[in-house]
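my_file-v7.cif (mmCIF, C-alpha atoms)
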data_coords
#
loop_
_atom_site.label_atom_id
_atom_site.label_comp_id
_atom_site.auth_asym_id
_atom_site.auth_seq_id
_atom_site.Cartn_x
_atom_site.Cartn_y
_atom_site.Cartn_z
CA VAL Q 1 0.00 0.00 0.00
CA ASN Q 2 1.42 3.39 -1.00
CA GLY Q 3 4.42 1.59 -2.52
CA VAL Q 4 5.07 -0.67 0.53
CA THR Q 5 5.63 -4.38 -0.26
CA PHE Q 6 6.17 -7.43 1.97
CA LYS Q 7 9.85 -7.33 1.04
CA ASP Q 8 10.14 -3.96 2.78
CA LEU Q 9 8.91 -5.54 6.06
CA VAL Q 10 11.08 -8.67 6.02
CA VAL Q 11 14.11 -8.91 8.36
CA ASP Q 12 16.76 -11.03 6.60
CA PHE Q 13 19.20 -13.19 8.59
CA THR Q 14 22.42 -14.78 7.35
CA ARG Q 15 22.94 -18.49 8.03
CA GLU Q 16 25.32 -17.61 10.83
CA GLU Q 17 22.85 -15.14 12.42
CA TRP Q 18 19.95 -17.61 12.13
CA GLY Q 19 22.10 -20.25 13.84
CA LEU Q 20 22.59 -17.99 16.81
CA LEU Q 21 18.80 -17.77 17.45
CA GLY Q 22 17.29 -20.15 19.93
CA PRO Q 23 14.05 -22.14 19.31
CA THR Q 24 11.86 -19.60 21.15
CA GLN Q 25 13.35 -16.65 19.23
CA ARG Q 26 12.74 -18.44 15.92
CA ILE Q 27 9.07 -19.04 16.83
CA LEU Q 28 8.65 -15.37 17.79
CA PHE Q 29 10.24 -14.24 14.52
CA HIS Q 30 7.97 -16.57 12.51
CA ASP Q 31 4.86 -15.23 14.28
CA MET Q 32 5.97 -11.61 13.71
CA MET Q 33 6.44 -12.18 9.95
CA LEU Q 34 2.99 -13.81 9.64
CA ARG Q 35 1.44 -10.87 11.52
CA ASN Q 36 3.18 -8.35 9.24
CA TYR Q 37 2.01 -10.20 6.13
CA SER Q 38 -1.56 -10.42 7.44
CA ASN Q 39 -1.59 -6.68 8.24
CA LEU Q 40 -0.27 -5.81 4.79
CA VAL Q 41 -2.95 -7.92 3.05
CA SER Q 42 -5.64 -6.38 5.23
CA LEU Q 43 -4.45 -2.87 4.37
CA ALA Q 44 -4.50 -3.70 0.66
CA GLU Q 45 -8.02 -5.11 0.88
CA ASN Q 46 -9.24 -2.12 2.87
CA SER Q 47 -7.65 0.24 0.35
CA SER Q 48 -9.36 -1.54 -2.57
CA LEU Q 49 -12.67 -1.48 -0.69
CA ALA Q 50 -12.26 2.22 0.08
CA LYS Q 51 -11.58 2.98 -3.59
CA HIS Q 52 -14.61 0.92 -4.63
CA GLN Q 53 -16.85 2.74 -2.16
CA TRP Q 54 -15.99 6.01 -3.95
CA VAL Q 55 -18.22 4.74 -6.76
CA HIS Q 56 -21.20 4.90 -4.38
CA THR Q 57 -20.20 8.02 -2.41
CA GLY Q 58 -19.17 9.97 -5.52
CA GLU Q 59 -15.85 10.90 -3.92
CA LYS Q 60 -13.19 11.86 -6.46
CA PRO Q 61 -9.93 12.60 -4.65
CA TYR Q 62 -7.66 12.69 -7.71
CA ALA Q 63 -7.68 16.15 -9.35
CA CYS Q 64 -6.12 17.27 -12.64
CA GLY Q 65 -3.66 20.10 -12.09
CA ASP Q 66 -4.40 21.58 -15.54
CA CYS Q 67 -8.19 21.79 -15.65
CA GLY Q 68 -9.33 20.80 -12.17
CA ARG Q 69 -11.35 17.78 -13.31
CA THR Q 70 -11.54 15.10 -10.61
CA PHE Q 71 -11.48 11.30 -10.74
CA SER Q 72 -12.18 8.41 -8.39
CA GLN Q 73 -9.11 6.44 -9.44
CA SER Q 74 -5.52 7.49 -10.07
CA THR Q 75 -5.38 5.47 -13.32
CA HIS Q 76 -8.26 7.50 -14.71
CA LEU Q 77 -6.38 10.69 -13.88
CA VAL Q 78 -3.28 9.37 -15.67
CA HIS Q 79 -5.36 8.61 -18.78
CA HIS Q 80 -7.00 12.06 -18.65
CA GLN Q 81 -3.70 13.93 -18.31
CA ARG Q 82 -2.70 12.64 -21.76
CA VAL Q 83 -5.37 15.00 -23.16
CA HIS Q 84 -3.27 17.94 -21.96
CA SER Q 85 0.16 16.47 -22.63
CA GLY Q 86 -0.78 15.08 -26.04
CA GLU Q 87 0.97 11.83 -25.10
CA LYS Q 88 -0.08 8.88 -27.25
CA PRO Q 89 2.04 5.92 -26.18
CA PHE Q 90 0.03 3.22 -27.99
CA THR Q 91 0.92 3.00 -31.71
CA CYS Q 92 -0.68 0.90 -34.47
CA CYS Q 93 1.94 -1.35 -36.08
CA GLU Q 94 -0.05 -1.35 -39.35
CA CYS Q 95 -0.51 2.34 -40.13
CA GLY Q 96 1.46 4.13 -37.39
CA ARG Q 97 -1.55 5.92 -35.91
CA ALA Q 98 -1.09 6.65 -32.21
CA PHE Q 99 -3.59 6.57 -29.33
CA SER Q 100 -3.62 7.73 -25.72
CA LEU Q 101 -5.42 4.58 -24.48
CA SER Q 102 -4.67 0.91 -25.14
CA LEU Q 103 -8.43 0.30 -25.48
CA SER Q 104 -8.61 2.85 -28.32
CA LEU Q 105 -5.76 1.06 -30.10
CA ALA Q 106 -7.51 -2.29 -29.69
CA GLU Q 107 -10.70 -0.90 -31.26
CA HIS Q 108 -8.72 0.74 -34.08
CA MET Q 109 -6.93 -2.53 -34.93
CA ARG Q 110 -10.28 -3.95 -36.01
CA CYS Q 111 -10.16 -1.59 -39.01
CA HIS Q 112 -7.21 -3.63 -40.27
CA THR Q 113 -8.37 -7.09 -39.16
CA GLY Q 114 -12.01 -6.58 -40.19
CA GLU Q 115 -13.10 -8.08 -36.86
CA LYS Q 116 -16.68 -7.18 -35.86
CA PRO Q 117 -17.37 -8.96 -32.58
CA TYR Q 118 -20.50 -7.02 -31.62
CA VAL Q 119 -23.54 -8.51 -33.38
CA CYS Q 120 -27.14 -7.21 -33.35
CA GLN Q 121 -29.49 -9.98 -32.21
CA GLU Q 122 -32.37 -8.40 -34.14
CA CYS Q 123 -30.95 -8.20 -37.68
CA GLY Q 124 -27.50 -9.82 -37.49
CA LYS Q 125 -25.57 -6.68 -38.42
CA ALA Q 126 -22.07 -6.68 -36.89
CA PHE Q 127 -19.95 -3.82 -35.55
CA SER Q 128 -16.32 -3.35 -34.53
CA GLN Q 129 -17.21 -1.27 -31.45
CA SER Q 130 -19.76 -1.85 -28.70
CA SER Q 131 -20.76 1.84 -28.82
CA SER Q 132 -21.69 1.45 -32.51
CA LEU Q 133 -23.91 -1.53 -31.67
CA ILE Q 134 -25.62 0.45 -28.88
CA LYS Q 135 -26.39 3.28 -31.33
CA HIS Q 136 -27.66 0.79 -33.94
CA LEU Q 137 -29.98 -0.97 -31.46
CA ARG Q 138 -31.90 2.28 -31.10
CA THR Q 139 -33.10 1.89 -34.70
CA HIS Q 140 -34.97 -1.21 -33.50
CA THR Q 141 -36.13 0.03 -30.09
CA GLY Q 142 -36.86 3.59 -31.17
CA GLU Q 143 -35.10 4.83 -28.02
CA LYS Q 144 -34.15 8.52 -28.11
CA PRO Q 145 -32.41 9.29 -24.81
CA TYR Q 146 -30.93 12.67 -25.79
CA ILE Q 147 -33.52 15.42 -25.33
CA CYS Q 148 -33.21 19.08 -26.31
CA SER Q 149 -33.80 21.28 -23.26
CA GLU Q 150 -35.11 24.10 -25.48
CA CYS Q 151 -37.85 22.39 -27.51
CA GLY Q 152 -38.08 18.86 -26.07
CA ARG Q 153 -37.12 17.14 -29.34
CA ALA Q 154 -35.46 13.76 -28.75
CA PHE Q 155 -32.56 12.13 -30.59
CA SER Q 156 -31.02 8.67 -30.64
CA GLN Q 157 -27.44 9.99 -30.72
CA ARG Q 158 -25.69 12.68 -28.68
CA SER Q 159 -24.00 14.08 -31.83
CA SER Q 160 -27.42 14.62 -33.44
CA LEU Q 161 -28.58 16.57 -30.38
CA THR Q 162 -25.40 18.70 -30.45
CA LYS Q 163 -26.00 19.56 -34.12
CA HIS Q 164 -29.69 20.26 -33.49
CA GLN Q 165 -28.98 22.65 -30.60
CA ARG Q 166 -27.26 24.97 -33.08
CA VAL Q 167 -30.78 25.73 -34.39
CA HIS Q 168 -31.47 27.45 -31.06
CA THR Q 169 -28.04 28.97 -30.45
CA GLY Q 170 -27.52 30.08 -34.05
CA GLU Q 171 -23.96 28.74 -33.92
CA ARG Q 172 -22.40 28.21 -37.36
CA PRO Q 173 -18.80 27.11 -36.79
CA SER Q 174 -18.06 25.92 -40.35
CA VAL Q 175 -17.14 28.95 -42.51
CA CYS Q 176 -16.47 29.01 -46.28
CA ARG Q 177 -13.10 30.67 -46.99
CA GLU Q 178 -14.25 31.63 -50.49
CA CYS Q 179 -17.34 33.67 -49.71
CA GLY Q 180 -17.54 33.76 -45.91
CA LYS Q 181 -20.85 31.92 -45.70
CA ALA Q 182 -21.19 30.00 -42.42
CA PHE Q 183 -22.87 26.66 -41.72
CA SER Q 184 -23.92 24.76 -38.62
CA GLN Q 185 -22.35 21.52 -39.85
CA SER Q 186 -19.14 20.68 -41.67
CA SER Q 187 -21.06 18.40 -44.09
CA TYR Q 188 -23.11 21.41 -45.24
CA LEU Q 189 -19.89 23.33 -45.89
CA THR Q 190 -18.47 20.40 -47.89
CA GLN Q 191 -21.53 20.40 -50.14
CA HIS Q 192 -21.45 24.19 -50.46
CA LEU Q 193 -17.79 24.18 -51.57
CA LYS Q 194 -18.79 22.29 -54.73
CA ILE Q 195 -20.40 25.54 -55.93
CA HIS Q 196 -16.98 27.20 -55.98
CA SER Q 197 -14.92 24.24 -57.20
CA GLY Q 198 -17.41 22.76 -59.68
CA LYS Q 199 -15.99 19.43 -58.52
CA LYS Q 200 -17.78 16.22 -59.61
CA PRO Q 201 -15.83 13.40 -57.97
CA PHE Q 202 -18.29 10.55 -58.66
CA MET Q 203 -18.00 8.98 -62.13
CA CYS Q 204 -20.07 6.25 -63.76
CA GLY Q 205 -17.87 3.26 -64.58
CA GLU Q 206 -19.80 2.49 -67.78
CA CYS Q 207 -20.27 5.84 -69.51
CA ARG Q 208 -17.74 7.94 -67.53
CA LYS Q 209 -20.38 10.59 -66.81
CA PRO Q 210 -19.34 12.65 -63.72
CA PHE Q 211 -21.63 13.55 -60.82
CA SER Q 212 -21.30 15.76 -57.74
CA ASP Q 213 -23.17 13.18 -55.65
CA SER Q 214 -22.58 9.44 -55.27
CA LEU Q 215 -25.43 8.30 -57.51
CA ALA Q 216 -25.28 4.67 -58.70
CA LEU Q 217 -26.09 3.92 -62.34
CA VAL Q 218 -26.61 0.47 -63.85
CA HIS Q 219 -26.53 -0.21 -67.60
CA THR Q 220 -27.04 -4.01 -67.73
CA GLY Q 221 -30.65 -4.12 -66.48
CA GLU Q 222 -29.93 -7.18 -64.30
CA GLN Q 223 -31.92 -7.22 -61.02
CA PRO Q 224 -30.82 -10.16 -58.85
CA TYR Q 225 -31.90 -8.76 -55.46
CA THR Q 226 -35.57 -9.43 -54.61
CA CYS Q 227 -37.67 -8.09 -51.74
CA GLY Q 228 -39.07 -10.90 -49.57
CA LYS Q 229 -42.15 -8.81 -48.71
CA CYS Q 230 -43.44 -7.66 -52.10
CA GLY Q 231 -41.22 -9.39 -54.68
CA LYS Q 232 -39.82 -6.18 -56.20
CA ALA Q 233 -36.36 -6.71 -57.73
CA PHE Q 234 -33.28 -4.47 -57.71
CA SER Q 235 -29.93 -4.28 -59.46
CA GLN Q 236 -27.91 -3.69 -56.28
CA SER Q 237 -28.20 -4.95 -52.70
CA LYS Q 238 -28.10 -1.41 -51.31
CA PHE Q 239 -31.19 -0.51 -53.36
CA LEU Q 240 -32.99 -3.49 -51.83
CA THR Q 241 -31.90 -2.32 -48.36
CA GLN Q 242 -33.31 1.13 -49.11
CA HIS Q 243 -36.56 -0.35 -50.42
CA GLU Q 244 -37.05 -2.58 -47.37
CA ARG Q 245 -37.27 0.54 -45.22
CA ILE Q 246 -40.67 1.20 -46.86
CA HIS Q 247 -41.91 -1.94 -45.11
CA THR Q 248 -40.05 -1.40 -41.80
CA GLU Q 249 -40.57 2.41 -41.85
CA GLU Q 250 -36.96 2.81 -40.65
CA LYS Q 251 -35.57 6.32 -41.19
CA PRO Q 252 -31.90 6.20 -40.14
CA PHE Q 253 -30.75 9.41 -41.85
CA VAL Q 254 -31.51 12.40 -39.61
CA CYS Q 255 -31.03 16.10 -40.33
CA GLY Q 256 -28.79 17.56 -37.65
CA ASP Q 257 -30.42 20.99 -37.95
CA CYS Q 258 -34.11 20.20 -37.56
CA GLY Q 259 -34.24 16.48 -36.75
CA ARG Q 260 -36.25 15.46 -39.82
CA ALA Q 261 -35.56 11.82 -40.74
CA PHE Q 262 -35.28 10.12 -44.12
CA MET Q 263 -35.12 6.55 -45.40
CA GLN Q 264 -32.31 7.27 -47.86
CA SER Q 265 -29.06 9.22 -47.54
CA SER Q 266 -29.68 10.75 -50.99
CA SER Q 267 -33.00 12.17 -49.77
CA LEU Q 268 -31.24 13.71 -46.78
CA ALA Q 269 -28.52 15.12 -49.08
CA LEU Q 270 -31.17 16.84 -51.22
CA TYR Q 271 -33.02 18.11 -48.17
CA LEU Q 272 -29.85 19.54 -46.62
CA ARG Q 273 -29.71 22.02 -49.48
CA THR Q 274 -32.74 23.75 -47.95
CA HIS Q 275 -30.46 24.60 -45.01
CA THR Q 276 -27.27 25.32 -46.96
CA GLY Q 277 -29.00 27.28 -49.74
CA GLU Q 278 -27.06 25.30 -52.34
CA LYS Q 279 -28.72 25.30 -55.79
CA PRO Q 280 -26.34 23.50 -58.16
CA TYR Q 281 -28.75 23.16 -61.11
CA LYS Q 282 -28.88 26.43 -63.10
CA CYS Q 283 -30.99 27.32 -66.14
CA ASN Q 284 -28.85 28.35 -69.14
CA GLU Q 285 -31.67 30.54 -70.46
CA CYS Q 286 -32.48 32.77 -67.48
CA GLY Q 287 -29.97 31.81 -64.79
CA LYS Q 288 -32.56 30.63 -62.28
CA ALA Q 289 -31.12 27.91 -59.99
CA TYR Q 290 -32.72 24.88 -58.33
CA ILE Q 291 -31.96 22.37 -55.60
CA GLN Q 292 -32.89 19.32 -57.73
CA MET Q 293 -32.37 18.43 -61.38
CA SER Q 294 -36.04 17.45 -61.68
CA HIS Q 295 -37.03 21.01 -60.71
CA LEU Q 296 -34.75 22.41 -63.42
CA THR Q 297 -36.22 19.99 -65.99
CA GLU Q 298 -39.72 21.23 -65.16
CA HIS Q 299 -38.55 24.84 -65.34
CA TYR Q 300 -37.06 24.36 -68.83
CA ARG Q 301 -40.58 23.72 -70.12
CA VAL Q 302 -41.36 27.40 -69.41
CA HIS Q 303 -38.85 28.26 -72.16
CA THR Q 304 -39.58 25.33 -74.54
CA ARG Q 305 -43.35 25.43 -73.87
CA GLU Q 306 -43.28 21.62 -73.81
CA GLN Q 307 -46.39 20.12 -72.21
CA PRO Q 308 -45.89 16.34 -71.97
CA TYR Q 309 -48.68 15.65 -69.47
CA MET Q 310 -52.04 15.30 -71.26
CA CYS Q 311 -55.50 14.78 -69.78
CA ASN Q 312 -57.06 11.61 -71.24
CA VAL Q 313 -60.56 13.05 -70.74
CA CYS Q 314 -60.41 16.44 -72.46
CA GLY Q 315 -56.96 16.42 -74.07
CA LYS Q 316 -55.67 19.47 -72.21
CA ALA Q 317 -51.87 19.40 -71.81
CA PHE Q 318 -49.65 20.56 -68.92
CA GLY Q 319 -45.96 21.15 -68.30
CA ARG Q 320 -46.00 19.47 -64.89
CA GLY Q 321 -47.48 16.21 -63.65
CA THR Q 322 -48.81 17.92 -60.52
CA HIS Q 323 -50.78 20.39 -62.66
CA LEU Q 324 -52.38 17.48 -64.53
CA LEU Q 325 -53.40 15.83 -61.25
CA GLN Q 326 -55.00 19.09 -60.07
CA HIS Q 327 -56.83 19.44 -63.39
CA GLN Q 328 -58.20 15.87 -63.31
CA ARG Q 329 -60.10 16.70 -60.14
CA VAL Q 330 -62.36 18.87 -62.30
CA HIS Q 331 -63.55 15.76 -64.14
CA VAL Q 332 -63.94 13.45 -61.13
CA GLY Q 333 -65.30 16.17 -58.85
CA ALA Q 334 -62.67 15.52 -56.17
CA LYS Q 335 -62.26 18.28 -53.59
CA PRO Q 336 -59.74 17.02 -51.04
CA PHE Q 337 -58.97 20.39 -49.43
CA THR Q 338 -61.43 21.36 -46.68
CA CYS Q 339 -61.81 24.67 -44.86
CA GLY Q 340 -61.47 24.16 -41.11
CA VAL Q 341 -63.95 26.96 -40.37
CA CYS Q 342 -66.92 26.39 -42.66
CA ARG Q 343 -66.04 22.91 -44.05
CA LYS Q 344 -66.27 24.11 -47.66
CA THR Q 345 -64.17 21.92 -49.96
CA PHE Q 346 -61.86 22.82 -52.85
CA PRO Q 347 -60.05 20.88 -55.61
CA GLU Q 348 -56.75 22.73 -55.04
CA ALA Q 349 -54.76 23.90 -52.02
CA ALA Q 350 -54.31 27.35 -53.60
CA ALA Q 351 -58.09 27.80 -53.83
CA LEU Q 352 -58.45 26.90 -50.16
CA ILE Q 353 -55.78 29.47 -49.18
CA LEU Q 354 -57.65 32.18 -51.10
CA HIS Q 355 -60.93 31.18 -49.44
CA GLN Q 356 -59.46 31.24 -45.92
CA ARG Q 357 -58.69 34.95 -46.33
CA ILE Q 358 -62.46 35.56 -46.11
CA HIS Q 359 -62.52 34.18 -42.56
CA ALA Q 360 -59.25 35.83 -41.55
CA GLY Q 361 -60.20 39.18 -43.06
CA GLU Q 362 -56.85 39.24 -44.79
CA LYS Q 363 -56.61 41.57 -47.80
CA PRO Q 364 -53.01 41.61 -49.02
CA PHE Q 365 -53.66 43.22 -52.43
CA GLU Q 366 -53.94 47.02 -52.17
CA CYS Q 367 -54.81 49.56 -54.86
CA HIS Q 368 -52.05 52.16 -55.11
CA LYS Q 369 -54.58 54.73 -56.35
CA CYS Q 370 -57.20 54.68 -53.58
CA SER Q 371 -55.65 52.29 -51.00
CA LYS Q 372 -58.63 49.94 -51.17
CA SER Q 373 -57.61 46.34 -50.32
CA PHE Q 374 -58.71 42.96 -51.71
CA SER Q 375 -58.25 39.32 -50.72
CA GLN Q 376 -57.48 38.19 -54.29
CA SER Q 377 -55.27 39.63 -57.01
CA ARG Q 378 -58.00 39.22 -59.65
CA SER Q 379 -60.39 41.33 -57.55
CA LEU Q 380 -57.74 44.07 -57.46
CA ALA Q 381 -57.29 43.82 -61.23
CA GLN Q 382 -61.06 44.23 -61.77
CA HIS Q 383 -61.11 47.21 -59.39
CA GLN Q 384 -58.18 48.95 -61.08
CA SER Q 385 -60.12 48.95 -64.35
CA ILE Q 386 -62.44 51.53 -62.71
CA HIS Q 387 -59.53 53.95 -62.41
CA SER Q 388 -58.33 53.32 -65.96
CA GLN Q 389 -61.88 53.87 -67.34
CA GLY Q 390 -62.05 57.17 -65.47
CA ARG Q 391 -58.85 58.39 -67.16
CA SER Q 392 -60.25 57.56 -70.61
#

Representation of the structure as structure tokens:
Amino acid sequence: VNGVTFKDLVVDFTREEWGLLGPTQRILFHDMMLRNYSNLVSLAENSSLAKHQWVHTGEKPYACGDCGRTFSQSTHLVHHQRVHSGEKPFTCCECGRAFSLSLSLAEHMRCHTGEKPYVCQECGKAFSQSSSLIKHLRTHTGEKPYICSECGRAFSQRSSLTKHQRVHTGERPSVCRECGKAFSQSSYLTQHLKIHSGKKPFMCGECRKPFSDSLALVHTGEQPYTCGKCGKAFSQSKFLTQHERIHTEEKPFVCGDCGRAFMQSSSLALYLRTHTGEKPYKCNECGKAYIQMSHLTEHYRVHTREQPYMCNVCGKAFGRGTHLLQHQRVHVGAKPFTCGVCRKTFPEAAALILHQRIHAGEKPFECHKCSKSFSQSRSLAQHQSIHSQGRS
């Protein structure tokens, strides 16, 4: 205890000295050595018990001289002090990477060996670290132990909560060196930088077409991966994995800013542009930019006047599929949008919004001649004709 060993308590005799002791003296010496050994063992046990009891009492007698943080065991303090000293005595023999803890090195070595000893009992997925398995299990249990103190929103991972809290604090630590724009997450900055660099690092192996996102393209048409629930087939196993989430309703990709979850990483990547403001798809005619290519394709029809969506009842054509769907409600009489005040129904959401201004008394369209206000722009247009007739 405190560096004292049994060797420090032993009295050594030479053969000549031992021969000079009588039988009684030898018995007394033997008893004394046994008593010393017993006392030393007892002290060690009491010391270990005392240290263990600190777990229950919360006592932390070992303090860091640099930051004041306290610990219940001296070994924990030694490990912590490497944060300040930068000491990393444990080095990977494969890649030379160094670690401050032997446990961290052991976990890192699994990157080289491919060992994944932690297996999910629900789905069989394996992980190299126990912490990764714990995080994964929350996708099955739905557990979200990390709760935002501002709005009460819950998250399955601490890192997701940290990112979300920046919504409340307004913190944007990732700054673009090109234009000075700041972002709450480094991943948003990475995506934003593509605007400046024009970089398209992902290339199709068949046609060599480059992309800014990791989109997979298949030219063979082969679909060997089949869904066991509905029988739908896919060309790649990852597409099947994505599809199966429709059945399980799993949404593992979470926006760090607002907490919205998605089934696919590509959907999250597109959605993130609403936070970053990135609009990589630009119209060559008018310069208007869009978040998605599909939005740009629809916009081009304004210039080309192409109307590929045709009503099979009356033959009327539209530039967008959504406009055709709205139009078809005229024929079937569908009015899915209901006013919450008077229960009147409408075929389009825009018509409902206009109607709700009657209840709210909202009149956003004002005549610049007489300051009279109207709830609809067409009512203002009709009114303004009165002023124009008066001038004529």

Could you tell me, as a list in words, exactly which residues end up selected when the PyMOL selection byres ((chain Q and resi 101) around 9) is applied to this structure?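 For this structure, the PyMOL selection byres ((chain Q and resi 101) around 9) captures His79, Arg82, Lys88, Pro89, Phe90, Phe99, Ser100, Ser102, Leu103, Ser104, Leu105 and Ala106 of chain Q.
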
Could you tell me how far CA of Phe318 (chain Q) sits from CA of His299 (chain Q), in Å to one decimal place? 12.4 Å

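Using all atoms listed in the file, every residue with an atom at most 12 Å from the point (-63.4, 20.5, -52.2) is listed here: Gln326, Arg329, Val330, Val332, Gly333, Ala334, Lys335, Pro336, Phe337, Thr338, Cys339, Gly340, Cys342, Arg343, Lys344, Thr345, Phe346, Pro347, Glu348, Ala349, Ala350, Ala351, Leu352 and His355 of chain Q.
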
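Proximity to Cys151 (chain Q) was assessed for Q:Val167, Q:Ile358, Q:Val11, Q:Leu21 counting only C-alpha atoms; the smallest distance is recorded for Q:Val167.
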
As an exercise, work out the distance from CA of Ser197 (chain Q) to CA of Tyr281 (chain Q) in Å and give it to one decimal place. 14.4 Å

Cys314 (chain Q) environment, 12 Å, all atoms listed in the file, sequence neighbours closer than 5 positions dropped, as a PDB file with C-alpha atoms, keeping the file's coordinate frame:
ATOM      1  CA  LEU Q 324     -52.380  17.480 -64.530  1.00  0.00           C
ATOM      2  CA  HIS Q 327     -56.830  19.440 -63.390  1.00  0.00           C
ATOM      3  CA  GLN Q 328     -58.200  15.870 -63.310  1.00  0.00           C
ATOM      4  CA  VAL Q 330     -62.360  18.870 -62.300  1.00  0.00           C
ATOM      5  CA  HIS Q 331     -63.550  15.760 -64.140  1.00  0.00           C
TER       6      HIS Q 331
END

Do you know which residues lie at most 10 Å from (-56.6, 44.1, -49.3), with coordinates as in the file and only C-alpha atoms counted, and could you write them as an MDAnalysis selection string? chainID Q and resid 357 361:367 371:377 379:380

Within 12 Å of Thr274 (chain Q), counting only C-alpha atoms, which residues show up once you throw out same-chain ones fewer than 6 positions away? Write them as a list in words, please.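 Within the cut-off, the hits are Tyr188, Gln191, His192, Cys255, Asp257, Cys258, Ser267, Leu268, Tyr290, Ile291 and Gln292 of chain Q.
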
Selected residue of minimal separation from Gln165 (chain Q) among Q:Glu94, Q:Glu150, Q:Glu285, Q:Glu107, counting all atoms listed in the file: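 The answer is Q:Glu150, which sits nearest to Gln165 (chain Q).
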
Shortest contact to Cys311 (chain Q), candidates Q:Leu325, Q:Cys111, Q:Leu272, Q:Ala126, atoms counted only C-alpha atoms, goes to Q:Leu325

If you apply the PyMOL selection byres ((chain Q and resi 243) around 12) to this file, what residues do you get, as a list in words?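 What the PyMOL selection byres ((chain Q and resi 243) around 12) grabs from the file is Tyr225, Thr226, Cys227, Gly228, Lys229, Cys230, Gly231, Lys232, Ala233, Phe234, Ser235, Gln236, Ser237, Lys238, Phe239, Leu240, Thr241, Gln242, Glu244, Arg245, Ile246, His247, Thr248, Glu249, Glu250, Lys251, Met263 and Gln264 of chain Q.
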
Output the residue selection produced by the PyMOL selection byres ((chain Q and resi 117) around 12) on the file above, formatted as an MDAnalysis selection string. chainID Q and resid 107 110 113:116 118:120 124:133

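CA of His383 (chain Q) is found 21.3 Å from CA of His359 (chain Q).
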
I want to know what sits within 10 Å of Cys67 (chain Q), based on only C-alpha atoms, with residues of the same chain fewer than 3 positions away left out; could you give that as a list in words? Ala63, Cys64, Thr70, Gln81 and His84 of chain Q

Given the selection you just returned, output its residues as a file containing C-alpha atoms, formatted as a CSV table (one decimal), keeping the file's coordinate frame.
chain,number,residue,atom,x,y,z
Q,63,ALA,CA,-7.7,16.2,-9.4
Q,64,CYS,CA,-6.1,17.3,-12.6
Q,70,THR,CA,-11.5,15.1,-10.6
Q,81,GLN,CA,-3.7,13.9,-18.3
Q,84,HIS,CA,-3.3,17.9,-22.0

Quick one: residues within 12 Å of Ser159 (chain Q), all atoms listed in the file, excluding same-chain residues fewer than 2 positions away - as a list in words? Lys135, Pro145, Tyr146, Ile147, Cys148, Ala154, Phe155, Ser156, Gln157, Leu161, Thr162, Lys163, His164, Gln165, Arg166, Gln185, Val254, Cys255, Gly256, Asp257 and Gly259 of chain Q

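Among Q:Ile195, Q:Met109, Q:Leu189, Q:Leu270, the residue with the shortest atom-to-atom distance to Cys93 (chain Q), counting only C-alpha atoms, is Q:Met109.
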